[in-house]
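Student: Pasting entry-v1.txt below, which is compact mmCIF, C-alpha atoms.
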# COMPACT_ATOMS: atom_id res chain seq x y z
CA MET A 979 -26.38 26.03 -8.34
CA ARG A 980 -22.86 27.37 -8.79
CA VAL A 981 -20.46 25.55 -6.45
CA ILE A 982 -16.72 25.75 -5.73
CA GLY A 983 -15.06 22.54 -4.54
CA LEU A 984 -11.82 22.84 -2.53
CA MET A 985 -9.40 19.96 -2.15
CA SER A 986 -5.93 19.21 -0.84
CA GLY A 987 -4.89 15.59 -0.90
CA THR A 988 -2.46 13.39 0.98
CA SER A 989 0.45 14.83 -0.99
CA TYR A 990 -0.33 18.18 0.74
CA ASP A 991 1.51 20.14 -1.95
CA ALA A 992 -1.25 22.49 -3.09
CA VAL A 993 -4.88 23.49 -2.77
CA ASP A 994 -7.16 23.00 -5.79
CA ALA A 995 -10.40 24.84 -6.45
CA ALA A 996 -12.81 23.66 -9.14
CA ALA A 997 -16.02 25.53 -9.98
CA CYS A 998 -19.08 24.10 -11.65
CA ASP A 999 -22.79 24.54 -12.25
CA LEU A 1000 -24.94 21.73 -10.85
CA VAL A 1001 -28.56 21.31 -11.91
CA PRO A 1002 -30.99 18.39 -12.28
CA ALA A 1003 -30.57 17.06 -15.80
CA PRO A 1004 -33.64 18.08 -17.82
CA GLY A 1005 -35.78 15.17 -18.87
CA GLN A 1006 -33.71 12.65 -16.91
CA ASP A 1007 -35.18 11.43 -13.64
CA GLY A 1008 -32.53 10.93 -10.97
CA ALA A 1009 -29.76 12.61 -12.99
CA LEU A 1010 -27.56 15.55 -12.06
CA ARG A 1011 -25.78 17.61 -14.69
CA LEU A 1012 -22.37 19.12 -14.00
CA THR A 1013 -20.97 21.88 -16.19
CA PRO A 1014 -17.27 22.49 -15.40
CA LEU A 1015 -16.22 26.12 -15.15
CA GLY A 1016 -12.50 25.49 -14.63
CA MET A 1017 -9.91 25.02 -11.93
CA VAL A 1018 -7.31 27.17 -10.16
CA SER A 1019 -4.58 25.82 -7.92
CA GLU A 1020 -2.01 27.31 -5.58
CA PRO A 1021 0.82 25.64 -3.68
CA TYR A 1022 0.78 25.95 0.06
CA PRO A 1023 3.11 28.75 1.20
CA GLU A 1024 6.44 27.04 1.89
CA PRO A 1025 6.45 27.85 5.63
CA LEU A 1026 2.96 26.35 5.97
CA ARG A 1027 3.88 23.26 3.97
CA THR A 1028 6.97 22.75 6.13
CA GLU A 1029 4.97 23.19 9.32
CA LEU A 1030 2.37 20.71 8.05
CA ALA A 1031 5.00 18.14 7.07
CA GLU A 1032 6.63 18.42 10.48
CA ALA A 1033 3.33 17.80 12.26
CA LEU A 1034 2.12 14.77 10.30
CA PRO A 1035 2.51 11.19 11.59
CA PRO A 1036 4.75 9.72 12.78
CA ALA A 1037 6.01 13.09 14.04
CA ARG A 1038 4.93 14.38 17.43
CA THR A 1039 2.93 17.58 17.56
CA THR A 1040 1.12 19.83 20.03
CA LEU A 1041 -2.36 21.30 20.28
CA ALA A 1042 -0.79 24.70 19.61
CA ASP A 1043 0.57 23.33 16.32
CA VAL A 1044 -2.85 21.89 15.44
CA CYS A 1045 -4.55 25.22 16.17
CA ARG A 1046 -2.08 27.17 14.02
CA LEU A 1047 -2.39 24.68 11.16
CA ASP A 1048 -6.19 24.66 11.34
CA THR A 1049 -6.20 28.45 11.06
CA ARG A 1050 -3.54 28.83 8.37
CA ILE A 1051 -4.93 26.04 6.19
CA GLY A 1052 -8.40 27.57 6.49
CA GLN A 1053 -7.00 30.95 5.48
CA ALA A 1054 -5.19 29.39 2.49
CA PHE A 1055 -8.41 27.68 1.40
CA GLY A 1056 -10.30 30.94 1.84
CA ARG A 1057 -7.87 32.91 -0.33
CA LEU A 1058 -8.12 30.38 -3.14
CA ALA A 1059 -11.91 30.26 -2.90
CA VAL A 1060 -12.03 34.04 -3.33
CA ARG A 1061 -9.81 33.74 -6.38
CA ALA A 1062 -11.92 30.92 -7.83
CA ASP A 1063 -15.11 32.92 -7.33
CA ARG A 1064 -13.55 35.92 -9.05
CA GLU A 1065 -11.79 34.17 -11.94
CA LEU A 1066 -14.09 31.23 -12.61
CA CYS A 1067 -17.51 32.39 -11.42
CA ARG A 1068 -17.34 36.19 -11.90
CA GLY A 1069 -18.45 36.59 -8.31
CA THR A 1070 -21.57 34.43 -8.66
CA ALA A 1071 -20.63 31.35 -6.60
CA GLU A 1072 -23.44 30.23 -4.28
CA LEU A 1073 -21.69 27.57 -2.21
CA VAL A 1074 -18.19 26.43 -1.26
CA ALA A 1075 -17.49 22.77 -0.44
CA SER A 1076 -14.20 22.20 1.39
CA HIS A 1077 -12.66 18.81 1.99
CA GLY A 1078 -9.93 20.42 4.10
CA GLN A 1079 -6.57 18.80 4.72
CA THR A 1080 -6.56 15.29 6.17
CA VAL A 1081 -3.90 15.14 8.89
CA TYR A 1082 -4.89 11.91 10.63
CA HIS A 1083 -7.07 8.95 9.70
CA TRP A 1084 -7.35 6.69 12.76
CA ALA A 1085 -7.49 3.19 11.27
CA ALA A 1086 -6.74 0.05 13.28
CA ASP A 1087 -7.67 -3.61 12.92
CA GLY A 1088 -9.58 -2.99 9.71
CA GLN A 1089 -11.79 -0.31 11.26
CA VAL A 1090 -11.67 3.48 11.18
CA HIS A 1091 -12.23 4.97 14.62
CA GLY A 1092 -11.90 8.64 13.73
CA THR A 1093 -10.62 11.10 11.16
CA LEU A 1094 -9.31 14.66 11.32
CA GLN A 1095 -9.31 17.26 8.56
CA LEU A 1096 -7.92 20.75 9.24
CA GLY A 1097 -8.85 24.03 7.57
CA GLU A 1098 -11.39 25.90 9.71
CA PRO A 1099 -14.37 26.68 7.42
CA ALA A 1100 -15.14 29.95 9.22
CA TRP A 1101 -12.13 31.51 7.49
CA ILE A 1102 -13.51 30.42 4.10
CA ALA A 1103 -17.00 31.73 4.87
CA GLU A 1104 -15.60 35.01 6.14
CA ALA A 1105 -13.36 35.49 3.08
CA THR A 1106 -16.00 34.58 0.48
CA GLY A 1107 -19.28 35.50 2.17
CA ARG A 1108 -20.62 32.16 0.90
CA PRO A 1109 -21.95 29.24 2.94
CA VAL A 1110 -19.39 26.45 3.33
CA VAL A 1111 -19.96 22.71 3.62
CA SER A 1112 -17.02 20.96 5.29
CA GLY A 1113 -16.15 17.95 7.43
CA PHE A 1114 -17.48 15.31 5.06
CA ARG A 1115 -15.73 12.21 6.42
CA PRO A 1116 -16.67 12.03 10.13
CA ARG A 1117 -20.37 11.23 9.64
CA ASP A 1118 -19.59 8.18 7.52
CA VAL A 1119 -17.06 7.06 10.16
CA ALA A 1120 -19.61 7.60 12.95
CA ALA A 1121 -21.97 5.32 11.00
CA GLY A 1122 -19.36 2.55 10.99
CA GLY A 1123 -17.81 3.39 7.62
CA GLN A 1124 -14.24 3.88 6.55
CA GLY A 1125 -14.82 7.55 5.70
CA ALA A 1126 -13.08 6.83 2.40
CA PRO A 1127 -13.04 6.86 -0.48
CA LEU A 1128 -15.91 9.36 -0.37
CA VAL A 1129 -15.50 10.05 -4.08
CA SER A 1130 -16.85 6.53 -4.66
CA LEU A 1131 -20.40 7.93 -4.77
CA ILE A 1132 -19.40 10.31 -7.58
CA ASP A 1133 -17.59 7.47 -9.34
CA LEU A 1134 -20.76 5.38 -9.20
CA MET A 1135 -22.80 8.26 -10.60
CA LEU A 1136 -20.32 8.65 -13.47
CA LEU A 1137 -19.77 4.98 -14.27
CA ARG A 1138 -23.18 3.43 -13.66
CA GLY A 1139 -24.64 2.10 -16.91
CA ARG A 1140 -21.34 1.74 -18.76
CA PRO A 1141 -20.75 -1.63 -20.43
CA GLY A 1142 -18.54 -4.24 -18.84
CA VAL A 1143 -16.97 -3.61 -15.43
CA PRO A 1144 -15.77 0.01 -15.34
CA ALA A 1145 -13.41 1.21 -12.62
CA ALA A 1146 -12.28 4.61 -11.40
CA LEU A 1147 -8.76 5.05 -10.06
CA ASN A 1148 -7.37 8.07 -8.25
CA ILE A 1149 -3.61 8.24 -7.69
CA GLY A 1150 -2.85 10.85 -5.07
CA GLY A 1151 -0.62 10.30 -2.08
CA ILE A 1152 -2.75 7.19 -1.56
CA ALA A 1153 -4.40 5.34 -4.46
CA ASN A 1154 -8.05 4.33 -4.37
CA VAL A 1155 -10.40 2.53 -6.72
CA THR A 1156 -14.13 2.23 -7.31
CA VAL A 1157 -15.35 -0.76 -9.33
CA VAL A 1158 -18.87 -1.25 -10.68
CA PRO A 1159 -19.42 -4.96 -11.44
CA ARG A 1160 -22.21 -5.89 -13.81
CA HIS A 1161 -24.09 -8.26 -11.49
CA ALA A 1162 -22.73 -7.43 -8.05
CA ASP A 1163 -22.56 -4.57 -5.60
CA PRO A 1164 -19.99 -1.78 -6.22
CA VAL A 1165 -16.68 -1.98 -4.40
CA ALA A 1166 -14.35 0.85 -3.36
CA PHE A 1167 -11.22 0.99 -1.22
CA ASP A 1168 -7.70 2.37 -0.89
CA THR A 1169 -5.28 0.08 -2.71
CA GLY A 1170 -2.20 1.41 -0.89
CA PRO A 1171 0.44 4.02 -1.66
CA GLY A 1172 -0.01 6.15 -4.73
CA ASN A 1173 2.66 8.83 -4.75
CA ALA A 1174 3.30 8.80 -0.98
CA LEU A 1175 6.37 6.56 -0.88
CA ILE A 1176 7.72 7.80 -4.20
CA ASP A 1177 7.57 11.40 -2.96
CA ALA A 1178 9.14 10.44 0.39
CA ALA A 1179 12.04 8.74 -1.39
CA VAL A 1180 12.60 11.65 -3.76
CA ARG A 1181 12.64 14.18 -0.91
CA ARG A 1182 15.05 12.00 1.03
CA LEU A 1183 17.38 11.29 -1.88
CA THR A 1184 17.54 14.94 -3.01
CA ARG A 1185 17.63 16.31 0.57
CA GLY A 1186 14.45 18.22 -0.07
CA ARG A 1187 15.54 19.78 -3.36
CA LEU A 1188 12.79 17.87 -5.19
CA ALA A 1189 9.34 17.09 -3.82
CA TYR A 1190 8.33 14.48 -6.40
CA ASP A 1191 9.60 12.54 -9.41
CA GLU A 1192 8.83 15.03 -12.16
CA ASP A 1193 7.72 13.28 -15.37
CA GLY A 1194 8.82 9.98 -13.79
CA ALA A 1195 12.40 10.75 -14.88
CA LEU A 1196 14.12 9.21 -11.85
CA ALA A 1197 12.12 5.99 -12.04
CA ALA A 1198 12.69 5.76 -15.80
CA ALA A 1199 16.44 5.83 -15.23
CA GLY A 1200 16.37 3.01 -12.66
CA ARG A 1201 15.76 -0.72 -12.46
CA VAL A 1202 13.32 -2.44 -10.13
CA HIS A 1203 14.98 -4.08 -7.12
CA ASP A 1204 13.13 -7.41 -6.96
CA GLY A 1205 14.07 -8.19 -3.37
CA LEU A 1206 12.82 -4.86 -2.05
CA LEU A 1207 9.66 -5.13 -4.13
CA ARG A 1208 8.91 -8.59 -2.67
CA ARG A 1209 9.53 -7.27 0.85
CA MET A 1210 7.15 -4.37 0.35
CA LEU A 1211 4.45 -6.50 -1.29
CA ALA A 1212 4.40 -8.58 1.91
CA GLU A 1213 2.71 -5.67 3.72
CA PRO A 1214 -0.39 -7.10 5.49
CA TYR A 1215 -2.55 -4.13 4.45
CA TYR A 1216 -2.81 -5.46 0.90
CA ARG A 1217 -4.61 -8.58 2.12
CA LEU A 1218 -7.26 -6.83 4.19
CA PRO A 1219 -10.79 -7.25 2.80
CA ALA A 1220 -12.64 -4.32 1.26
CA PRO A 1221 -13.73 -1.83 2.31
CA ARG A 1222 -10.35 -0.76 3.64
CA THR A 1223 -8.59 2.56 3.94
CA THR A 1224 -5.10 3.75 4.76
CA GLY A 1225 -2.95 6.86 4.67
CA LYS A 1226 0.38 8.35 5.53
CA GLU A 1227 -0.16 7.09 9.05
CA LEU A 1228 1.19 3.84 7.58
CA PHE A 1229 2.94 4.72 4.33
CA HIS A 1230 5.45 7.38 5.38
CA GLU A 1231 9.21 7.89 5.28
CA GLY A 1232 9.73 5.92 8.49
CA TYR A 1233 7.91 2.96 6.93
CA LEU A 1234 10.21 3.23 3.92
CA ARG A 1235 13.31 3.30 6.13
CA SER A 1236 12.17 0.17 7.95
CA CYS A 1237 11.78 -1.69 4.65
CA LEU A 1238 15.18 -0.54 3.41
CA ALA A 1239 16.92 -1.67 6.61
CA GLU A 1240 16.99 -5.27 5.36
CA PHE A 1241 19.00 -4.34 2.28
CA GLY A 1242 22.33 -2.75 1.51
CA GLN A 1243 22.71 0.49 -0.37
CA ILE A 1244 20.21 0.65 -3.23
CA PRO A 1245 20.98 3.09 -6.07
CA PRO A 1246 18.63 6.10 -5.84
CA HIS A 1247 17.10 5.63 -9.28
CA ASP A 1248 16.48 1.94 -8.56
CA LEU A 1249 14.71 2.82 -5.33
CA VAL A 1250 12.35 5.23 -7.08
CA ALA A 1251 11.75 2.70 -9.87
CA THR A 1252 10.90 0.03 -7.30
CA LEU A 1253 8.44 2.25 -5.44
CA THR A 1254 6.80 3.25 -8.71
CA ARG A 1255 6.41 -0.42 -9.62
CA LEU A 1256 4.97 -1.06 -6.14
CA THR A 1257 2.18 1.45 -6.77
CA ALA A 1258 1.43 0.02 -10.21
CA ARG A 1259 1.50 -3.58 -8.97
CA THR A 1260 -0.74 -3.02 -5.94
CA VAL A 1261 -3.30 -1.10 -8.00
CA ALA A 1262 -3.40 -3.81 -10.67
CA GLU A 1263 -3.58 -6.64 -8.13
CA ALA A 1264 -6.47 -4.90 -6.42
CA LEU A 1265 -8.37 -4.51 -9.69
CA ARG A 1266 -7.64 -7.92 -11.23
CA PRO A 1267 -9.92 -10.08 -9.02
CA LEU A 1268 -12.77 -7.65 -9.64
CA GLY A 1269 -12.59 -8.14 -13.41
CA ALA A 1270 -12.28 -4.49 -14.39
CA THR A 1271 -12.67 -4.04 -18.15
CA GLU A 1272 -11.67 -0.35 -18.29
CA VAL A 1273 -9.98 1.99 -15.82
CA PHE A 1274 -10.46 5.76 -15.65
CA ALA A 1275 -7.51 7.33 -13.83
CA SER A 1276 -7.19 10.72 -12.14
CA GLY A 1277 -4.95 12.46 -9.63
CA GLY A 1278 -1.35 13.61 -9.66
CA GLY A 1279 -0.03 10.15 -10.55
CA VAL A 1280 -1.53 10.48 -14.04
CA ARG A 1281 1.16 13.10 -14.78
CA ASN A 1282 3.90 10.48 -14.21
CA PRO A 1283 4.40 8.70 -17.56
CA THR A 1284 6.68 6.07 -16.01
CA LEU A 1285 3.99 5.16 -13.50
CA THR A 1286 1.24 5.03 -16.11
CA ALA A 1287 3.44 2.88 -18.37
CA MET A 1288 4.09 0.45 -15.52
CA LEU A 1289 0.42 0.44 -14.63
CA ARG A 1290 -0.59 -0.25 -18.21
CA ALA A 1291 1.84 -3.20 -18.28
CA GLU A 1292 0.50 -4.53 -14.96
CA LEU A 1293 -3.09 -4.22 -16.18
CA ALA A 1294 -2.16 -6.53 -19.06
CA GLY A 1295 -4.48 -5.23 -21.74
CA THR A 1296 -7.22 -3.62 -19.67
CA PRO A 1297 -7.62 -0.15 -21.21
CA LEU A 1298 -6.25 2.67 -19.05
CA ARG A 1299 -8.07 5.95 -19.66
CA THR A 1300 -8.29 9.27 -17.84
CA SER A 1301 -11.23 10.88 -16.09
CA GLU A 1302 -10.92 13.66 -18.65
CA GLU A 1303 -12.52 11.25 -21.10
CA LEU A 1304 -15.59 11.41 -18.85
CA GLY A 1305 -15.47 15.21 -18.87
CA LEU A 1306 -13.58 15.79 -15.59
CA PRO A 1307 -9.90 16.80 -15.83
CA ALA A 1308 -7.64 14.34 -14.02
CA ALA A 1309 -6.11 17.08 -11.88
CA ALA A 1310 -9.49 18.48 -10.81
CA LYS A 1311 -11.70 15.42 -10.49
CA GLU A 1312 -11.61 15.21 -6.69
CA ALA A 1313 -12.29 18.93 -6.28
CA TYR A 1314 -15.32 18.56 -8.58
CA ALA A 1315 -16.37 15.50 -6.57
CA PHE A 1316 -16.45 17.49 -3.34
CA ALA A 1317 -18.41 20.22 -5.10
CA VAL A 1318 -21.06 17.59 -5.84
CA LEU A 1319 -20.93 16.31 -2.24
CA GLY A 1320 -21.43 19.86 -0.96
CA TYR A 1321 -24.43 20.29 -3.27
CA LEU A 1322 -25.94 17.07 -1.93
CA THR A 1323 -25.43 18.13 1.69
CA LEU A 1324 -27.04 21.53 1.16
CA HIS A 1325 -30.05 19.78 -0.38
CA GLY A 1326 -30.33 17.34 2.53
CA LEU A 1327 -29.23 14.34 0.46
CA PRO A 1328 -26.86 11.50 1.42
CA GLY A 1329 -23.29 11.81 0.18
CA ASN A 1330 -21.86 8.39 0.96
CA ALA A 1331 -22.12 5.03 -0.78
CA PRO A 1332 -22.58 2.64 2.17
CA GLY A 1333 -21.66 -0.44 0.16
CA CYS A 1334 -18.33 1.17 -0.69
CA THR A 1335 -17.39 2.69 2.67
CA GLY A 1336 -18.98 0.11 4.95
CA ALA A 1337 -21.29 2.59 6.68
CA ALA A 1338 -24.54 1.36 8.24
CA GLY A 1339 -26.53 3.30 5.67
CA PRO A 1340 -26.83 6.49 3.62
CA ARG A 1341 -25.91 9.62 5.55
CA VAL A 1342 -26.02 13.35 4.88
CA LEU A 1343 -22.39 14.38 5.24
CA GLY A 1344 -20.66 17.39 6.68
CA SER A 1345 -21.48 20.60 8.52
CA ILE A 1346 -22.69 23.92 7.10
CA THR A 1347 -21.07 27.22 8.04
CA PRO A 1348 -23.30 30.16 7.01
CA GLY A 1349 -21.91 32.93 4.82
CA SER A 1350 -22.60 36.64 5.14
CA ARG A 1351 -26.31 36.30 4.34
CA PRO A 1352 -29.06 34.46 6.21
CA LEU A 1353 -28.82 30.74 5.48
CA ARG A 1354 -31.72 29.41 3.44
CA LEU A 1355 -31.57 25.75 2.54
CA PRO A 1356 -33.09 24.68 -0.78
CA ALA A 1357 -35.86 22.12 -0.78
CA PRO A 1358 -34.55 18.60 -1.36
CA PRO A 1359 -35.58 16.94 -4.62
CA PRO A 1360 -37.96 13.96 -4.49
CA ALA A 1361 -35.04 11.51 -4.77
CA ALA A 1362 -31.27 11.56 -4.63
CA PRO A 1363 -29.62 11.65 -8.07
CA ARG A 1364 -28.26 8.30 -9.25
CA SER A 1365 -26.26 9.49 -12.23
CA LEU A 1366 -23.99 12.40 -13.12
CA SER A 1367 -23.65 13.73 -16.64
CA VAL A 1368 -20.82 16.12 -17.44
CA ARG A 1369 -21.37 18.79 -20.06
CA ALA A 1370 -18.37 20.77 -21.25
CA ASP A 1371 -19.30 23.41 -23.84
CA GLY A 1372 -22.41 21.38 -24.61
CA VAL A 1373 -20.35 18.36 -25.70
CA THR A 1374 -20.19 14.95 -24.05
CA VAL A 1375 -16.63 13.62 -24.34
CA ARG A 1376 -16.24 10.06 -25.57
CA PRO A 1377 -13.74 7.84 -23.69
CA CYS A 1378 -10.52 6.89 -25.41
CA ALA A 1379 -7.38 5.05 -24.34
CA LEU A 1380 -4.71 6.82 -22.29
CA ARG A 1381 -1.63 7.11 -24.46
Show this structure as structure tokens.

Tutor:
Amino acid sequence: MRVIGLMSGTSYDAVDAAACDLVPAPGQDGALRLTPLGMVSEPYPEPLRTELAEALPPARTTLADVCRLDTRIGQAFGRLAVRADRELCRGTAELVASHGQTVYHWAADGQVHGTLQLGEPAWIAEATGRPVVSGFRPRDVAAGGQGAPLVSLIDLMLLRGRPGVPAALNIGGIANVTVVPRHADPVAFDTGPGNALIDAAVRRLTRGRLAYDEDGALAAAGRVHDGLLRRMLAEPYYRLPAPRTTGKELFHEGYLRSCLAEFGQIPPHDLVATLTRLTARTVAEALRPLGATEVFASGGGVRNPTLTAMLRAELAGTPLRTSEELGLPAAAKEAYAFAVLGYLTLHGLPGNAPGCTGAAGPRVLGSITPGSRPLRLPAPPPAAPRSLSVRADGVTVRPCALR
């Protein structure tokens, strides 16, 4: 089946579309084979991005704002899906899987009570004519789970069977990890801020001229402020047991201002360096007790060499690799993951990993919006796939260290 996965993360800077072919791996019981077809990406139109930023917590918003955002985000996703079908699939896509845009994740007292993703799938179905699977998180939450990180199931399928204790790390606005111990149940959770606080500081310091620390240049020019780092490491979230999840509901510019209030003027480059070290330190401290022996990183943070250098130092010898070494480009891994989740939903198969999210059990995720043709669901296979093999041009990529 040819599937397009659509994704926009907590950095809400762009929409990514990754296309792939998904078929049961021949001769391998319980295996699914993914052949990547490529990725296209488009930034949100600036007026939409501004409107979205102004509506996100802790800002106040209205139902009219929510309605407009739901429509415009859905239209943006639909336009990119059409482009992905044309450029990557030559018009042969069979399914679109849309994560949408998370705007609120209602977490309190270690429990997630609800979650909201915008981007009305009807606009995507109308634009593409293809059926759309969307709304993946709420079913896991309704079953008592955290609703995140949903990509943990894909991580398990990719990492299961590797030697040692492999771990997957995604550094978006929020960073999350999945760890597969040798003789224990898998663990997955959000470690804390990925790029969220770094981006907030850069926007504040440049008065919106820059949206992020390109190539880690600002952090590289600064020195870590030890007092501020200690203050931020005292955040109670880091001591919550797994599974745990967080978002920009906690780690936003207002949170940063409250932390800075205890200190005098901190040089801009030092502030960015400190926040970059915070991300690296909290990721490493989350992984260390789990005994990770290799880490496969993905997400926008991988493009920040200062952050990856700090993370490598914090990991103290544990090899840091990229998801590309497993066949999935770091920038597109989450979009491919949601393509797989959409495939599972259409086939009536569970898409969550209950041990990682805390849900009461396996659940089929999401809702299906029909395309322009009558909806015919494929017959489910005898068993859900347990592993995922990635084939790029018929070659399996061997992992190597991130330089």

Student: Between A:Leu1175, A:Ala1195, A:Leu1211, A:Ala1146, which has the minimum distance to Tyr1233 in chain A (counting only C-alpha atoms)?

Tutor: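 When distances to Tyr1233 in chain A are compared using only C-alpha atoms, the smallest one comes from A:Leu1175.
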
Student: Near Ala1105 in chain A, counting all atoms listed in the file, which residues have an atom at most 10 Å away, once you skip same-chain residues fewer than 6 positions from it, shown as a list in words?

Tutor: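 So, after excluding close chain neighbours, the residues are Gly1052, Gln1053, Phe1055, Gly1056, Arg1057, Leu1058, Ala1059, Val1060, Pro1099, Gly1349 and Ser1350 of chain A.
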
Student: Set the distance at 12 Å and use only C-alpha atoms: which residues neighbour range 1247-1252 of chain A once local chain neighbours fewer than 2 positions away are removed? I'd like the list as a PyMOL selection string.

Tutor: chain A and resi 1173-1184+1190-1192+1194-1211+1234-1235+1237-1238+1241-1245+1254-1259+1282+1284-1285+1287-1288

Student: Return the single residue from A:Gly987, A:Val1158, A:Asp1007, A:Ile1149 that is closest to Val1081 in chain A, with distances computed using all atoms listed in the file.

Tutor: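 Counting all atoms listed in the file, the residue closest to Val1081 in chain A is A:Gly987.
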
Student: Lys1311 in chain A: which residues within 8 Å, counting only C-alpha atoms, same-chain residues fewer than 3 positions away excluded, as number ranges by chain?

Tutor: A: 1276-1277, 1301, 1306-1308, 1314-1315

Student: At a cut-off of 6 Å, using only C-alpha atoms, what residues contact Val1165 in chain A? Leave out same-chain residues fewer than 4 positions from it and give the result as a VMD selection string.

Tutor: chain A and resid 1156 to 1157 1334
